[in-house]
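Okay, structure first, notes after.
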2 protein chains.
Amino acid sequence: MQKILIVEDDYSIHDILKEILKMNGYITYDAYNGSDALNIIRQEDINLILLDLMLPDINGEDLIKKVKDIPIIIISAKVSSNDKINCLLDGANDYVTKPFDKDELLARIKVQFRNNKQNYELKYKELHLLNDYQTLMINNEKVKLTKTEYLILKELLQNTKRVVTKNMLLDLISIDNLDCDENSLKVHISNIRKKMRKYTSNNYIEAVWGIGFKIKE
Amino acid sequence: MQKILIVEDDYSIHDILKEILKMNGYITYDAYNGSDALNIIRQEDINLILLDLMLPDINGEDLIKKVKDIPIIIISAKVSSNDKINCLLDGANDYVTKPFDKDELLARIKVQFRNNKQNYELKYKELHLLNDYQTLMINNEKVKLTKTEYLILKELLQNTKRVVTKNMLLDLISIDNLDCDENSLKVHISNIRKKMRKYTSNNYIEAVWGIGFKIKE
DNA sequence: AATAATAGTTAAGAATTAGTTAAGATTTAT
DNA sequence: ATAAATCTTAACTAATTCTTAACTATTATT
């Protein structure tokens with residue numbers, strides 16, 4: 001799920017943006033000035049920023065320069081080419097003028113996510129699952145997983161605090177592999193735990209009797 | 001040096017674009033219709049396409065869908081949001097309306113090159129892939145690749161530390177070559193590795209079991 | 001406490017995938 | 001039209017992963 005930070009001091013526009021984004025399945029964060037924006041960026045893994053240029057404290061142009069690695073779309077009433085050029089050269093990825101077309105904005109947001117191949121990694125306590133289908137980091141030590149082990153652990157880590165049923169896991173790993181049964185699943189879980197034990201004494205995979213497995217809190 | 005393909009049938013606008021690009025240090029390629037554009041894309045490793053929508057043979061929208069991996073900026077007289085949205089969702093990266101501001105266009109071109117690391121000459125450790133569709137430099141020694149080998153290696157080097165799936169690679173090399181299957185892919189990978197072994201003892205291409213390949217860290 | 005059901009471990013070998021090679025087919029260039 | 005380069009096919013080997021199956025341990029039910 002993509003996290004988008006809205007930086008806009010005009011409450012009505014802010015609400016409209018928020019509404020549009022939520023309707024389209026994005027997670028939104030709200031900043032009404034520059035310093036709040038910077039705080040949120042520090043604390044959250046933001047994937048995209050929608051930025052108004054005229055803010056009460058610092059101006060948008062300065063914010064652009066301070067942000068690295070997160071794509072920015074400017075949404076501004078300033079229509080002059082010079083404003084656009086400066087923002088784009090400073091680091092913004094796109095510039096949309098107010099009033100904006102809702103669907104065009106959504107399309108331009110999709111462009112950013114399409115081009116921006118980020119690594120979406122799952123982190124939970126000591127565990128850090130890379131999205132390379134094979135690497136689990138435990139306290140910065142590499143553990144190599146097989147594809148099936150990776151898929152199981154990914155499913156579990158995507159659903160921390162929830163129980164993942166045996167059938168769900170079986171469906172998951174049976175996509176490529178039709179012969180897989182509960183016995184196999186047991187062995188895979190056992191193998192994951194064995195690999196984990198080398199680097200941590202915590203058993204993160206907890207069995208839920210008769211149902212399935214979940215990540216232990 | 002970045003290679004930009006201009007696809008525009010109006011000669012006066014075409015010349016203006018060409019002039020602007022040349023003045024700013026870009027190498028330009030010229031197409032006045034869709035099929036010429038496709039031929040140039042097949043032959044040259046183009047880094048960016050400036051595309052007019054109304055072409056004499058095929059329309060720009062169809063061209064967008066055929067092009068993968070090369071960023072496209074639409075330059076069109078069509079100003080409606082629907083046109084913009086369709087192009088952006090089909091795969092275009094940006095949409096500029098005529099008449100365009102020269103410096104804004106240049107800024108938007110720079111955004112494309114800034115965001116798409118893929119478009120710079122690809123360097124990774126000892127490897128240096130030129131954008132001529134055939135040359136890999138390993139520690140300043142030339143290795144001549146076939147076009148398919150080049151495409152595979154380019155895709156991998158554009159995604160270092162990420163996994164490139166077998167299907168992605170197959171899609172990539174099947175554009176010109178429809179019969180290609182996994183067996184072929186295996187052979188191509190093997191051939192690239194063999195060529196590399198002449199100049200380095202590192203095996204840069206790592207298999208990700210059951211998924212695809214990635215560049216080894 | 002005894003029994004049944006589920007969970008967990010281990011090791012072997014079956015099955016799958018990766019990697020190499022060479023020959024013949026296809027495409028491209030001369 | 002011929003030669004050269006490139007690609008696919010196919011057979012084979014090597015490596016990895018998965019399932020099976022036997023056994024042990026734990027939990028729930030009576």
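All residue names refer to the structure tokens as shown: chains lettered A, B, ... in order, residues numbered from 1 in each chain, ligands numbered from 1 in order.
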Ordered Cα pairing of chain A with chain B, RMSD after least-squares superposition =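 The C-alpha RMSD comes out at 15.4 Å.
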key: Residues of chain D within 12 Å of chain B, only C-alpha atoms (C1' of nucleotides) counted, as a PyMOL selection string   = chain D and resi 5-10+15-17
Could you save the residues just selected, with N, CA and C atoms (P, O5', C5', C4', C3', O3' and C1' of nucleotides), as a compact mmCIF listing (two decimals), in the first residue's frame?
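Output file selection.txt is given in full below:
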```
# COMPACT_ATOMS: atom_id res chain seq x y z
P DA D 5 31.53 -13.27 -38.32
O5' DA D 5 30.15 -13.04 -37.55
C5' DA D 5 29.31 -11.95 -37.93
C4' DA D 5 27.93 -12.17 -37.36
C3' DA D 5 27.93 -12.52 -35.87
O3' DA D 5 27.15 -11.55 -35.21
C1' DA D 5 26.52 -14.00 -37.11
P DT D 6 26.97 -11.56 -33.61
O5' DT D 6 25.57 -12.31 -33.46
C5' DT D 6 24.45 -11.83 -34.19
C4' DT D 6 23.30 -12.79 -34.02
C3' DT D 6 23.03 -13.21 -32.57
O3' DT D 6 21.73 -12.75 -32.25
C1' DT D 6 22.96 -15.07 -34.04
P DC D 7 21.13 -12.99 -30.80
O5' DC D 7 20.21 -14.27 -31.05
C5' DC D 7 19.22 -14.22 -32.08
C4' DC D 7 18.56 -15.57 -32.21
C3' DC D 7 18.07 -16.13 -30.87
O3' DC D 7 16.68 -16.35 -30.96
C1' DC D 7 19.34 -17.76 -32.10
P DT D 8 15.90 -17.00 -29.71
O5' DT D 8 15.81 -18.53 -30.13
C5' DT D 8 15.09 -18.88 -31.31
C4' DT D 8 15.15 -20.37 -31.52
C3' DT D 8 14.56 -21.21 -30.39
O3' DT D 8 13.65 -22.13 -30.97
C1' DT D 8 16.76 -21.95 -30.88
P DT D 9 12.69 -23.01 -30.05
O5' DT D 9 13.32 -24.46 -30.17
C5' DT D 9 13.79 -24.91 -31.46
C4' DT D 9 14.69 -26.11 -31.29
C3' DT D 9 14.24 -27.11 -30.22
O3' DT D 9 14.04 -28.36 -30.87
C1' DT D 9 16.56 -26.63 -30.01
P DA D 10 13.32 -29.56 -30.12
O5' DA D 10 14.57 -30.38 -29.57
C5' DA D 10 15.65 -30.69 -30.45
C4' DA D 10 16.75 -31.34 -29.65
C3' DA D 10 16.27 -32.20 -28.48
O3' DA D 10 17.05 -33.38 -28.43
C1' DA D 10 17.81 -30.63 -27.70
P DA D 15 27.79 -29.33 -9.25
O5' DA D 15 26.52 -28.60 -8.66
C5' DA D 15 26.06 -27.39 -9.26
C4' DA D 15 24.67 -27.10 -8.76
C3' DA D 15 24.52 -27.21 -7.24
O3' DA D 15 24.25 -25.90 -6.76
C1' DA D 15 22.70 -28.25 -8.40
P DT D 16 23.95 -25.67 -5.17
O5' DT D 16 22.36 -25.72 -5.13
C5' DT D 16 21.62 -24.87 -6.02
C4' DT D 16 20.16 -25.21 -5.87
C3' DT D 16 19.64 -25.13 -4.44
O3' DT D 16 18.68 -24.10 -4.44
C1' DT D 16 18.88 -27.11 -5.56
P DT D 17 17.87 -23.68 -3.13
O5' DT D 17 16.56 -24.59 -3.28
C5' DT D 17 15.81 -24.52 -4.48
C4' DT D 17 14.68 -25.52 -4.41
C3' DT D 17 13.88 -25.48 -3.12
O3' DT D 17 12.53 -25.30 -3.47
C1' DT D 17 14.48 -27.69 -3.66
```
Residues of chain B that have any atom at most 10 Å from an atom of chain C: could you tabulate them with the shortest-distance atom pair and the distance in Å to one decimal, using only C-alpha atoms (C1' of nucleotides), ordered by chain and increasing number, as JSON lines?
```
{"residue": "B:Lys186", "atom": "CA", "partner": "C:DG19", "partner_atom": "C1'", "distance": 7.4}
{"residue": "B:Val187", "atom": "CA", "partner": "C:DG19", "partner_atom": "C1'", "distance": 8.2}
{"residue": "B:Ile189", "atom": "CA", "partner": "C:DG19", "partner_atom": "C1'", "distance": 9.0}
{"residue": "B:Ser190", "atom": "CA", "partner": "C:DG19", "partner_atom": "C1'", "distance": 6.8}
{"residue": "B:Asn191", "atom": "CA", "partner": "C:DT20", "partner_atom": "C1'", "distance": 9.5}
{"residue": "B:Ala207", "atom": "CA", "partner": "C:DA18", "partner_atom": "C1'", "distance": 7.8}
{"residue": "B:Val208", "atom": "CA", "partner": "C:DA18", "partner_atom": "C1'", "distance": 9.7}
{"residue": "B:Trp209", "atom": "CA", "partner": "C:DT17", "partner_atom": "C1'", "distance": 7.1}
{"residue": "B:Gly210", "atom": "CA", "partner": "C:DT17", "partner_atom": "C1'", "distance": 6.6}
{"residue": "B:Ile211", "atom": "CA", "partner": "C:DT17", "partner_atom": "C1'", "distance": 9.9}
```
Check segment 9-181 of chain A with DSSP on the backbone and list each residue it calls alpha helix (DSSP H), as a short mmCIF file (atom, residue, chain, number, x, y, z; two decimals) with N, CA and C atoms, in the first residue's frame.
```cif
data_model
loop_
_atom_site.label_atom_id
_atom_site.label_comp_id
_atom_site.auth_asym_id
_atom_site.auth_seq_id
_atom_site.Cartn_x
_atom_site.Cartn_y
_atom_site.Cartn_z
N TYR A 11 -7.40 24.21 3.79
CA TYR A 11 -8.10 23.04 4.31
C TYR A 11 -9.05 22.40 3.30
N SER A 12 -9.73 23.23 2.51
CA SER A 12 -10.70 22.63 1.59
C SER A 12 -10.00 21.83 0.50
N ILE A 13 -8.91 22.39 -0.05
CA ILE A 13 -8.16 21.65 -1.07
C ILE A 13 -7.54 20.39 -0.46
N HIS A 14 -7.00 20.56 0.75
CA HIS A 14 -6.39 19.43 1.45
C HIS A 14 -7.39 18.28 1.57
N ASP A 15 -8.61 18.63 2.00
CA ASP A 15 -9.63 17.59 2.19
C ASP A 15 -10.00 16.92 0.87
N ILE A 16 -10.09 17.73 -0.18
CA ILE A 16 -10.42 17.15 -1.49
C ILE A 16 -9.36 16.14 -1.91
N LEU A 17 -8.09 16.56 -1.76
CA LEU A 17 -6.99 15.66 -2.13
C LEU A 17 -7.05 14.37 -1.33
N LYS A 18 -7.23 14.54 -0.03
CA LYS A 18 -7.28 13.38 0.86
C LYS A 18 -8.39 12.42 0.43
N GLU A 19 -9.54 12.97 0.16
CA GLU A 19 -10.70 12.18 -0.28
C GLU A 19 -10.37 11.39 -1.55
N ILE A 20 -9.80 12.10 -2.54
CA ILE A 20 -9.46 11.46 -3.81
C ILE A 20 -8.49 10.30 -3.59
N LEU A 21 -7.47 10.57 -2.80
CA LEU A 21 -6.44 9.54 -2.59
C LEU A 21 -7.01 8.33 -1.86
N LYS A 22 -7.77 8.59 -0.82
CA LYS A 22 -8.34 7.48 -0.05
C LYS A 22 -9.27 6.63 -0.90
N MET A 23 -10.06 7.31 -1.72
CA MET A 23 -10.98 6.59 -2.61
C MET A 23 -10.21 5.66 -3.54
N GLY A 34 5.34 23.40 6.36
CA GLY A 34 6.58 22.73 5.98
C GLY A 34 7.22 21.93 7.09
N SER A 35 7.22 22.47 8.31
CA SER A 35 7.94 21.74 9.36
C SER A 35 7.20 20.46 9.75
N ASP A 36 5.87 20.51 9.75
CA ASP A 36 5.12 19.27 9.98
C ASP A 36 5.46 18.24 8.90
N ALA A 37 5.54 18.74 7.68
CA ALA A 37 5.87 17.84 6.56
C ALA A 37 7.20 17.14 6.82
N LEU A 38 8.20 17.91 7.19
CA LEU A 38 9.53 17.32 7.42
C LEU A 38 9.50 16.30 8.54
N ASN A 39 8.74 16.60 9.59
CA ASN A 39 8.63 15.63 10.69
C ASN A 39 8.03 14.32 10.23
N ILE A 40 6.97 14.42 9.46
CA ILE A 40 6.32 13.19 8.98
C ILE A 40 7.26 12.40 8.09
N ILE A 41 7.98 13.11 7.23
CA ILE A 41 8.92 12.43 6.33
C ILE A 41 9.98 11.66 7.12
N ARG A 42 10.42 12.27 8.23
CA ARG A 42 11.44 11.60 9.05
C ARG A 42 10.89 10.34 9.71
N GLN A 43 9.62 10.40 10.10
CA GLN A 43 9.08 9.30 10.89
C GLN A 43 8.47 8.17 10.05
N GLY A 60 7.64 26.05 -0.53
CA GLY A 60 7.73 24.73 -1.12
C GLY A 60 9.06 24.47 -1.79
N GLU A 61 9.61 25.49 -2.44
CA GLU A 61 10.88 25.32 -3.15
C GLU A 61 11.98 24.83 -2.20
N ASP A 62 11.99 25.40 -0.98
CA ASP A 62 13.01 24.98 -0.02
C ASP A 62 12.77 23.55 0.44
N LEU A 63 11.51 23.20 0.55
CA LEU A 63 11.19 21.83 0.95
C LEU A 63 11.67 20.82 -0.09
N ILE A 64 11.49 21.16 -1.35
CA ILE A 64 11.94 20.26 -2.42
C ILE A 64 13.40 19.91 -2.25
N LYS A 65 14.19 20.96 -1.98
CA LYS A 65 15.64 20.75 -1.88
C LYS A 65 16.01 19.87 -0.70
N LYS A 66 15.19 19.94 0.35
CA LYS A 66 15.51 19.16 1.55
C LYS A 66 15.13 17.69 1.42
N SER A 81 5.80 29.61 -16.30
CA SER A 81 6.81 28.62 -16.67
C SER A 81 8.01 28.66 -15.75
N ASN A 82 8.37 29.87 -15.33
CA ASN A 82 9.54 29.99 -14.45
C ASN A 82 9.36 29.22 -13.15
N ASP A 83 8.18 29.33 -12.57
CA ASP A 83 7.93 28.59 -11.34
C ASP A 83 8.06 27.09 -11.59
N LYS A 84 7.45 26.64 -12.68
CA LYS A 84 7.52 25.23 -13.00
C LYS A 84 8.96 24.77 -13.18
N ILE A 85 9.68 25.54 -14.01
CA ILE A 85 11.06 25.17 -14.33
C ILE A 85 11.91 25.06 -13.07
N ASN A 86 11.78 26.08 -12.19
CA ASN A 86 12.59 26.06 -10.98
C ASN A 86 12.31 24.84 -10.12
N CYS A 87 11.04 24.54 -9.96
CA CYS A 87 10.68 23.38 -9.13
C CYS A 87 11.20 22.08 -9.74
N LEU A 88 11.01 21.93 -11.03
CA LEU A 88 11.43 20.69 -11.69
C LEU A 88 12.94 20.53 -11.60
N LEU A 89 13.66 21.62 -11.81
CA LEU A 89 15.11 21.52 -11.75
C LEU A 89 15.60 21.30 -10.32
N ASP A 90 14.86 21.83 -9.37
CA ASP A 90 15.26 21.65 -7.97
C ASP A 90 15.05 20.22 -7.48
N LYS A 102 -9.01 15.83 -11.45
CA LYS A 102 -8.85 14.72 -10.49
C LYS A 102 -8.19 13.51 -11.15
N ASP A 103 -8.71 13.10 -12.30
CA ASP A 103 -8.20 11.88 -12.92
C ASP A 103 -6.81 12.06 -13.52
N GLU A 104 -6.55 13.27 -13.98
CA GLU A 104 -5.20 13.52 -14.48
C GLU A 104 -4.20 13.43 -13.33
N LEU A 105 -4.56 14.00 -12.21
CA LEU A 105 -3.67 13.90 -11.05
C LEU A 105 -3.42 12.44 -10.69
N LEU A 106 -4.49 11.66 -10.65
CA LEU A 106 -4.33 10.24 -10.31
C LEU A 106 -3.42 9.52 -11.32
N ALA A 107 -3.58 9.89 -12.59
CA ALA A 107 -2.73 9.28 -13.62
C ALA A 107 -1.27 9.67 -13.38
N ARG A 108 -1.04 10.93 -13.05
CA ARG A 108 0.34 11.39 -12.83
C ARG A 108 0.93 10.75 -11.57
N ILE A 109 0.10 10.48 -10.61
CA ILE A 109 0.57 9.77 -9.41
C ILE A 109 1.00 8.35 -9.80
N LYS A 110 0.17 7.71 -10.62
CA LYS A 110 0.51 6.35 -11.06
C LYS A 110 1.82 6.32 -11.82
N VAL A 111 2.06 7.35 -12.62
CA VAL A 111 3.32 7.43 -13.36
C VAL A 111 4.49 7.39 -12.38
N GLN A 112 4.38 8.14 -11.29
CA GLN A 112 5.48 8.16 -10.31
C GLN A 112 5.72 6.77 -9.73
N PHE A 113 4.67 6.09 -9.39
CA PHE A 113 4.86 4.76 -8.79
C PHE A 113 5.34 3.75 -9.81
N ARG A 114 4.95 3.94 -11.05
CA ARG A 114 5.39 3.02 -12.08
C ARG A 114 6.89 3.14 -12.31
N ASN A 115 7.37 4.36 -12.33
CA ASN A 115 8.78 4.57 -12.64
C ASN A 115 9.69 4.31 -11.46
N LYS A 147 12.41 -20.30 -2.43
CA LYS A 147 11.24 -19.55 -2.89
C LYS A 147 10.02 -19.83 -2.02
N THR A 148 9.79 -21.08 -1.73
CA THR A 148 8.62 -21.44 -0.92
C THR A 148 8.74 -20.91 0.49
N GLU A 149 9.91 -21.03 1.07
CA GLU A 149 10.13 -20.49 2.41
C GLU A 149 9.89 -18.99 2.41
N TYR A 150 10.39 -18.34 1.37
CA TYR A 150 10.21 -16.90 1.25
C TYR A 150 8.74 -16.53 1.19
N LEU A 151 7.99 -17.24 0.36
CA LEU A 151 6.56 -16.92 0.19
C LEU A 151 5.80 -17.11 1.50
N ILE A 152 6.13 -18.17 2.22
CA ILE A 152 5.45 -18.42 3.49
C ILE A 152 5.75 -17.30 4.48
N LEU A 153 7.03 -16.97 4.60
CA LEU A 153 7.41 -15.96 5.58
C LEU A 153 6.84 -14.59 5.20
N LYS A 154 6.81 -14.32 3.91
CA LYS A 154 6.25 -13.05 3.46
C LYS A 154 4.78 -12.94 3.84
N GLU A 155 4.05 -14.02 3.60
CA GLU A 155 2.63 -14.03 3.94
C GLU A 155 2.43 -13.81 5.44
N LEU A 156 3.26 -14.45 6.23
CA LEU A 156 3.14 -14.31 7.68
C LEU A 156 3.48 -12.88 8.11
N LEU A 157 4.55 -12.33 7.55
CA LEU A 157 4.98 -10.99 7.97
C LEU A 157 4.04 -9.90 7.47
N GLN A 158 3.33 -10.20 6.39
CA GLN A 158 2.33 -9.24 5.91
C GLN A 158 1.08 -9.26 6.78
N LYS A 166 -3.62 -22.64 7.46
CA LYS A 166 -2.83 -23.60 6.70
C LYS A 166 -3.29 -23.62 5.25
N ASN A 167 -4.60 -23.51 5.05
CA ASN A 167 -5.11 -23.52 3.67
C ASN A 167 -4.61 -22.31 2.88
N MET A 168 -4.56 -21.16 3.53
CA MET A 168 -4.05 -19.98 2.84
C MET A 168 -2.61 -20.19 2.39
N LEU A 169 -1.82 -20.75 3.31
CA LEU A 169 -0.42 -20.98 2.97
C LEU A 169 -0.29 -22.05 1.88
N LEU A 170 -1.14 -23.06 1.97
CA LEU A 170 -1.09 -24.10 0.95
C LEU A 170 -1.46 -23.55 -0.42
N ASP A 171 -2.51 -22.74 -0.45
CA ASP A 171 -2.88 -22.11 -1.72
C ASP A 171 -1.71 -21.33 -2.28
N LEU A 172 -1.07 -20.59 -1.38
CA LEU A 172 0.04 -19.72 -1.78
C LEU A 172 1.16 -20.50 -2.44
N ILE A 173 1.55 -21.60 -1.79
CA ILE A 173 2.71 -22.31 -2.31
C ILE A 173 2.34 -23.35 -3.33
#
```
request  = Find the residues near Tyr95 of chain B: any atom within 7 Å, counting only C-alpha atoms (C1' of nucleotides), skip ones fewer than 5 places away on the same chain, and give them as a list in words.
outcome  =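 So, after excluding close chain neighbours, the residues are Ile73, Ile74, Ile75 and Lys84 of chain B.
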Output the selection as an mmCIF file, in the first residue's frame - C-alpha atoms for each residue.
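Written file, out33.cif:
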```
data_model
loop_
_atom_site.group_PDB
_atom_site.id
_atom_site.type_symbol
_atom_site.label_atom_id
_atom_site.label_comp_id
_atom_site.auth_asym_id
_atom_site.auth_seq_id
_atom_site.Cartn_x
_atom_site.Cartn_y
_atom_site.Cartn_z
ATOM 1 C CA ILE B 73 7.123 12.648 -23.123
ATOM 2 C CA ILE B 74 4.020 13.392 -25.183
ATOM 3 C CA ILE B 75 4.059 16.718 -26.988
ATOM 4 C CA LYS B 84 -3.574 13.183 -21.131
#
```
task = Extract the full set of strand (DSSP E or B) residues from chain A according to DSSP on the backbone, and format it as a PyMOL selection string.
result = chain A and resi 3-7+27-31+48-51+72-76+94-97+122-124+127-129+135-138+141-144+164-165+205-208+212-215
Could you save the residues just selected, with N, CA and C atoms, as a tab-separated table (two decimals), in the first residue's frame?
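selection05.tsv written:
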```
chain	number	residue	atom	x	y	z
A	3	LYS	N	2.05	5.09	0.50
A	3	LYS	CA	1.80	6.18	1.46
A	3	LYS	C	2.10	7.53	0.81
A	4	ILE	N	1.10	8.38	0.79
A	4	ILE	CA	1.25	9.69	0.16
A	4	ILE	C	1.08	10.79	1.20
A	5	LEU	N	2.03	11.71	1.23
A	5	LEU	CA	1.96	12.85	2.14
A	5	LEU	C	1.38	14.06	1.41
A	6	ILE	N	0.33	14.62	1.97
A	6	ILE	CA	-0.28	15.83	1.40
A	6	ILE	C	0.24	17.04	2.17
A	7	VAL	N	0.90	17.96	1.48
A	7	VAL	CA	1.38	19.17	2.13
A	7	VAL	C	0.63	20.34	1.52
A	27	ILE	N	-2.75	5.38	1.23
A	27	ILE	CA	-2.72	5.80	2.63
A	27	ILE	C	-2.24	7.24	2.66
A	28	THR	N	-2.95	8.11	3.36
A	28	THR	CA	-2.58	9.53	3.33
A	28	THR	C	-2.02	10.00	4.67
A	29	TYR	N	-1.09	10.94	4.57
A	29	TYR	CA	-0.57	11.64	5.75
A	29	TYR	C	-0.76	13.12	5.49
A	30	ASP	N	-1.03	13.88	6.56
A	30	ASP	CA	-1.42	15.28	6.37
A	30	ASP	C	-0.45	16.24	7.02
A	31	ALA	N	0.01	17.21	6.22
A	31	ALA	CA	0.81	18.31	6.77
A	31	ALA	C	0.22	19.61	6.24
A	48	LEU	N	5.40	9.14	-1.71
A	48	LEU	CA	5.16	10.24	-2.66
A	48	LEU	C	4.67	11.45	-1.88
A	49	ILE	N	5.07	12.63	-2.35
A	49	ILE	CA	4.62	13.87	-1.70
A	49	ILE	C	3.85	14.72	-2.70
A	50	LEU	N	2.66	15.15	-2.31
A	50	LEU	CA	1.93	16.16	-3.07
A	50	LEU	C	2.16	17.48	-2.35
A	51	LEU	N	2.75	18.44	-3.06
A	51	LEU	CA	3.25	19.63	-2.37
A	51	LEU	C	2.71	20.92	-2.96
A	72	ILE	N	8.19	13.91	-5.77
A	72	ILE	CA	7.33	15.04	-5.40
A	72	ILE	C	6.53	15.49	-6.61
A	73	ILE	N	5.23	15.65	-6.42
A	73	ILE	CA	4.41	16.32	-7.42
A	73	ILE	C	3.96	17.64	-6.84
A	74	ILE	N	4.30	18.74	-7.52
A	74	ILE	CA	3.87	20.07	-7.07
A	74	ILE	C	2.43	20.28	-7.52
A	75	ILE	N	1.61	20.79	-6.60
A	75	ILE	CA	0.25	21.19	-6.96
A	75	ILE	C	0.11	22.65	-6.57
A	76	SER	N	0.12	23.53	-7.57
A	76	SER	CA	0.24	24.95	-7.25
A	76	SER	C	-0.66	25.82	-8.12
A	94	ASP	N	7.06	16.36	-10.99
A	94	ASP	CA	5.97	16.81	-11.85
A	94	ASP	C	5.36	18.05	-11.24
A	95	TYR	N	4.59	18.76	-12.06
A	95	TYR	CA	4.02	20.04	-11.63
A	95	TYR	C	2.62	20.14	-12.21
A	96	VAL	N	1.64	20.18	-11.34
A	96	VAL	CA	0.24	20.26	-11.76
A	96	VAL	C	-0.31	21.59	-11.29
A	97	THR	N	-1.04	22.29	-12.17
A	97	THR	CA	-1.57	23.60	-11.77
A	97	THR	C	-3.01	23.48	-11.29
A	122	LEU	N	9.88	-5.97	4.10
A	122	LEU	CA	9.10	-6.20	5.30
A	122	LEU	C	10.02	-6.25	6.50
A	123	LYS	N	9.71	-5.42	7.49
A	123	LYS	CA	10.52	-5.42	8.70
A	123	LYS	C	9.65	-5.75	9.90
A	124	TYR	N	10.17	-6.62	10.75
A	124	TYR	CA	9.48	-6.93	12.00
A	124	TYR	C	10.52	-7.32	13.04
A	127	LEU	N	13.68	-9.17	12.32
A	127	LEU	CA	13.58	-9.74	10.97
A	127	LEU	C	13.44	-8.65	9.91
A	128	HIS	N	14.04	-8.91	8.77
A	128	HIS	CA	14.00	-7.96	7.67
A	128	HIS	C	13.99	-8.79	6.39
A	129	LEU	N	12.83	-8.87	5.78
A	129	LEU	CA	12.69	-9.70	4.58
A	129	LEU	C	12.85	-8.84	3.34
A	135	THR	N	16.15	-13.57	0.39
A	135	THR	CA	16.98	-13.14	1.51
A	135	THR	C	16.18	-12.66	2.72
A	136	LEU	N	16.49	-13.27	3.85
A	136	LEU	CA	15.99	-12.79	5.13
A	136	LEU	C	17.18	-12.28	5.92
A	137	MET	N	17.09	-11.06	6.41
A	137	MET	CA	18.15	-10.52	7.25
A	137	MET	C	17.69	-10.65	8.70
A	138	ILE	N	18.54	-11.23	9.55
A	138	ILE	CA	18.26	-11.28	10.98
A	138	ILE	C	19.40	-10.56	11.68
A	141	GLU	N	22.36	-10.20	9.61
A	141	GLU	CA	22.99	-11.42	9.08
A	141	GLU	C	22.09	-11.98	7.99
A	142	LYS	N	22.71	-12.40	6.91
A	142	LYS	CA	21.93	-12.92	5.79
A	142	LYS	C	21.54	-14.37	5.99
A	143	VAL	N	20.29	-14.66	5.73
A	143	VAL	CA	19.82	-16.04	5.72
A	143	VAL	C	19.19	-16.27	4.36
A	144	LYS	N	19.65	-17.30	3.67
A	144	LYS	CA	19.11	-17.54	2.35
A	144	LYS	C	17.92	-18.49	2.42
A	164	VAL	N	-2.57	-16.83	9.90
A	164	VAL	CA	-2.63	-17.26	8.50
A	164	VAL	C	-2.96	-18.74	8.50
A	165	THR	N	-4.08	-19.09	7.91
A	165	THR	CA	-4.52	-20.49	7.96
A	165	THR	C	-3.61	-21.38	7.11
A	205	ILE	N	7.73	-17.84	14.53
A	205	ILE	CA	6.56	-18.49	13.94
A	205	ILE	C	5.85	-19.35	14.97
A	206	GLU	N	4.65	-18.94	15.30
A	206	GLU	CA	3.88	-19.60	16.33
A	206	GLU	C	2.77	-20.41	15.68
A	207	ALA	N	2.59	-21.64	16.12
A	207	ALA	CA	1.50	-22.45	15.58
A	207	ALA	C	0.21	-22.11	16.30
A	208	VAL	N	-0.87	-22.03	15.54
A	208	VAL	CA	-2.19	-21.85	16.14
A	208	VAL	C	-2.92	-23.16	15.94
A	212	GLY	N	-3.56	-22.73	11.88
A	212	GLY	CA	-2.47	-22.31	11.00
A	212	GLY	C	-1.30	-21.75	11.80
A	213	PHE	N	-0.77	-20.61	11.34
A	213	PHE	CA	0.40	-20.03	11.99
A	213	PHE	C	0.26	-18.51	12.07
A	214	LYS	N	0.99	-17.93	13.00
A	214	LYS	CA	1.07	-16.47	13.02
A	214	LYS	C	2.42	-16.04	13.58
A	215	ILE	N	2.74	-14.80	13.34
A	215	ILE	CA	3.98	-14.26	13.87
A	215	ILE	C	3.77	-13.93	15.35
```
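The smallest atom-to-atom distance between chain B and any of A:Glu126, A:Lys198, A:Arg193, A:Ala92, using only C-alpha atoms, is found for A:Ala92.
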